[in-house]
Amino acid sequence: MKDKKEIINRILSDTGRGVKGYLKSQLILVTISFFTLLVGLSILDISFSVLIALAISLVDILPVLGSGIVLVPWSLISFISGNSELGRGLAILYVILLVSRQFIEPYVLGKNIGVRPLYTFLATIAGSLVLGPIGIVVGPLIAVVITSVFKVLKDS
């Protein structure tokens with residue numbers, strides 16, 4: 001077995017790569033959300049759709065709340081104010097974003113952080129159950145650390 005200092009350094013290095021991968025995956029997911037929103041808002045003929053899509057896609061980073069914190073109230077207000085076509089369109093756009101992110105996120109995260117998509121998904125679920133909304137972010141990061149430890153110990 002190699003000395004403890006070398007093992008710890010390898011674990012930290014591998015974990016660092018995983019965290020960088022996590023940040024990269026979040027950037028990819030925000031980009032996907034941005035273009036989905038841009039297309040949807042353009043179809044709905046919303047003024048300043050580029051700026052609105054950018055703002056909503058940045059809010060989409062927030063665990064649990066995401067784009068729904070903007071799109072759901074906007075859709076409801078549109079329905080209440082009598083613009084049911086816009087309300088329906090925004091609701092459909094939100095569902096498209098929500099469903100596509102649920103399918104894409106585990107794959108993108110798993111690919112970029114070096115953890116299998118199933119483990120990433122399970123870590124996200126477990127993190128949210130144990131830690132609440134912040135666990136959605138912390139869960140995959142803990143999976144990175146655990147994977148790094150097992151990988152380094154296996155190679156030692």
# chains A, B, ... in the order shown; residues from 1 in each chain; ligands from 1
call {"tool": "residues_around", "arguments": {"residues": "region 143-154 of chain A", "least_positions_apart": "2", "cutoff": "10 Å", "atoms": "only C-alpha atoms", "output": "ChimeraX atom specification"}}
result
/A:1-2,6-19,21-22,110,113-116,119-124,127,138-141,156
call {"tool": "residues_around", "arguments": {"residues": "Ile56 (chain A)", "least_positions_apart": "4", "cutoff": "9 Å", "atoms": "only C-alpha atoms", "output": "list in words"}}
result
Ser33, Phe34, Leu37, Leu51, Ile52, Asp60, Gly66, Ser67, Gly68, Ile69, Val70 and Leu71 of chain A
call {"tool": "write_last_selection", "arguments": {"atoms": "C-alpha atoms", "output": "CSV table (one decimal), in the first residue's frame"}}
result
chain,number,residue,atom,x,y,z
A,33,SER,CA,-32.1,25.4,-20.8
A,34,PHE,CA,-31.2,28.7,-22.4
A,37,LEU,CA,-36.3,28.7,-23.4
A,51,LEU,CA,-32.7,38.3,-22.2
A,52,ILE,CA,-35.6,36.6,-20.5
A,60,ASP,CA,-32.6,27.2,-13.4
A,66,GLY,CA,-35.3,26.3,-11.0
A,67,SER,CA,-37.1,27.8,-13.9
A,68,GLY,CA,-40.5,27.0,-12.3
A,69,ILE,CA,-40.0,29.9,-9.9
A,70,VAL,CA,-40.5,32.2,-12.9
A,71,LEU,CA,-42.5,30.2,-15.4
call {"tool": "residues_around", "arguments": {"residues": "Ala91 (chain A)", "least_positions_apart": "2", "cutoff": "12 Å", "atoms": "only C-alpha atoms", "output": "list in words"}}
result
Leu37, Gly40, Leu41, Leu44, Ser67, Gly68, Val70, Leu71, Val72, Pro73, Trp74, Ser75, Leu76, Ile77, Ser78, Phe79, Ser84, Glu85, Leu86, Gly87, Arg88, Gly89, Leu93, Tyr94, Val95, Ile96, Leu97 and Leu98 of chain A
call {"tool": "atom_distance", "arguments": {"atom1": "CA of Val39 (chain A)", "atom2": "CA of Lys24 (chain A)"}}
result
22.9 Å
call {"tool": "select_by_dssp", "arguments": {"residues": "region 59-125 of chain A", "states": "alpha helix (DSSP H)", "output": "JSON, numbers by chain"}}
result
{"A": [59, 68, 69, 70, 71, 72, 73, 74, 75, 76, 77, 78, 79, 80, 84, 85, 86, 87, 88, 89, 90, 91, 92, 93, 94, 95, 96, 97, 98, 99, 100, 101, 102, 103, 104, 105, 106, 107, 108, 109, 110, 111, 112, 113, 117, 118, 119, 120, 121, 122, 123, 124, 125]}
call {"tool": "atom_distance", "arguments": {"atom1": "CA of Gln102 (chain A)", "atom2": "CA of Leu27 (chain A)"}}
result
15.7 Å
call {"tool": "closest_residue", "arguments": {"among": "A:Ile80, A:Leu90, A:Ile136, A:Val59", "to": "Ile46 (chain A)", "atoms": "only C-alpha atoms"}}
result
A:Leu90
call {"tool": "decode", "arguments": {"residues": "region 113-155 of chain A", "atoms": "C-alpha atoms", "output": "PDB file, in the first residue's frame"}}
result
ATOM      1  CA  ILE A 113     -17.984  13.994 -12.979  1.00  0.00           C
ATOM      2  CA  GLY A 114     -16.877  10.431 -13.640  1.00  0.00           C
ATOM      3  CA  VAL A 115     -19.788   8.805 -11.826  1.00  0.00           C
ATOM      4  CA  ARG A 116     -22.271   6.533 -13.569  1.00  0.00           C
ATOM      5  CA  PRO A 117     -25.581   8.252 -14.394  1.00  0.00           C
ATOM      6  CA  LEU A 118     -27.551   5.842 -12.187  1.00  0.00           C
ATOM      7  CA  TYR A 119     -25.298   6.599  -9.210  1.00  0.00           C
ATOM      8  CA  THR A 120     -25.562  10.305  -9.930  1.00  0.00           C
ATOM      9  CA  PHE A 121     -29.357  10.036 -10.006  1.00  0.00           C
ATOM     10  CA  LEU A 122     -29.427   8.007  -6.777  1.00  0.00           C
ATOM     11  CA  ALA A 123     -27.009  10.452  -5.093  1.00  0.00           C
ATOM     12  CA  THR A 124     -29.232  13.360  -6.131  1.00  0.00           C
ATOM     13  CA  ILE A 125     -32.347  11.649  -4.749  1.00  0.00           C
ATOM     14  CA  ALA A 126     -30.609  10.565  -1.523  1.00  0.00           C
ATOM     15  CA  GLY A 127     -29.109  14.024  -1.075  1.00  0.00           C
ATOM     16  CA  SER A 128     -32.489  15.691  -1.475  1.00  0.00           C
ATOM     17  CA  LEU A 129     -34.129  13.267   0.982  1.00  0.00           C
ATOM     18  CA  VAL A 130     -31.430  13.726   3.620  1.00  0.00           C
ATOM     19  CA  LEU A 131     -30.492  17.395   3.148  1.00  0.00           C
ATOM     20  CA  GLY A 132     -33.484  18.863   1.351  1.00  0.00           C
ATOM     21  CA  PRO A 133     -33.025  21.144  -1.657  1.00  0.00           C
ATOM     22  CA  ILE A 134     -29.316  21.720  -1.005  1.00  0.00           C
ATOM     23  CA  GLY A 135     -28.857  17.940  -1.159  1.00  0.00           C
ATOM     24  CA  ILE A 136     -29.579  18.055  -4.880  1.00  0.00           C
ATOM     25  CA  VAL A 137     -26.228  19.811  -5.271  1.00  0.00           C
ATOM     26  CA  VAL A 138     -24.371  18.132  -2.402  1.00  0.00           C
ATOM     27  CA  GLY A 139     -25.472  14.566  -3.267  1.00  0.00           C
ATOM     28  CA  PRO A 140     -23.590  14.319  -6.573  1.00  0.00           C
ATOM     29  CA  LEU A 141     -20.537  15.990  -5.000  1.00  0.00           C
ATOM     30  CA  ILE A 142     -20.516  13.371  -2.234  1.00  0.00           C
ATOM     31  CA  ALA A 143     -20.786  10.699  -4.941  1.00  0.00           C
ATOM     32  CA  VAL A 144     -17.673  12.193  -6.576  1.00  0.00           C
ATOM     33  CA  VAL A 145     -15.732  11.976  -3.317  1.00  0.00           C
ATOM     34  CA  ILE A 146     -16.849   8.398  -2.602  1.00  0.00           C
ATOM     35  CA  THR A 147     -16.047   7.318  -6.165  1.00  0.00           C
ATOM     36  CA  SER A 148     -12.618   8.962  -5.917  1.00  0.00           C
ATOM     37  CA  VAL A 149     -11.844   7.209  -2.636  1.00  0.00           C
ATOM     38  CA  PHE A 150     -12.847   3.799  -4.003  1.00  0.00           C
ATOM     39  CA  LYS A 151     -10.944   4.361  -7.253  1.00  0.00           C
ATOM     40  CA  VAL A 152      -7.733   5.406  -5.498  1.00  0.00           C
ATOM     41  CA  LEU A 153      -7.938   2.621  -2.917  1.00  0.00           C
ATOM     42  CA  LYS A 154      -8.595   0.061  -5.657  1.00  0.00           C
ATOM     43  CA  ASP A 155      -5.534   1.248  -7.606  1.00  0.00           C
TER      44      ASP A 155
END
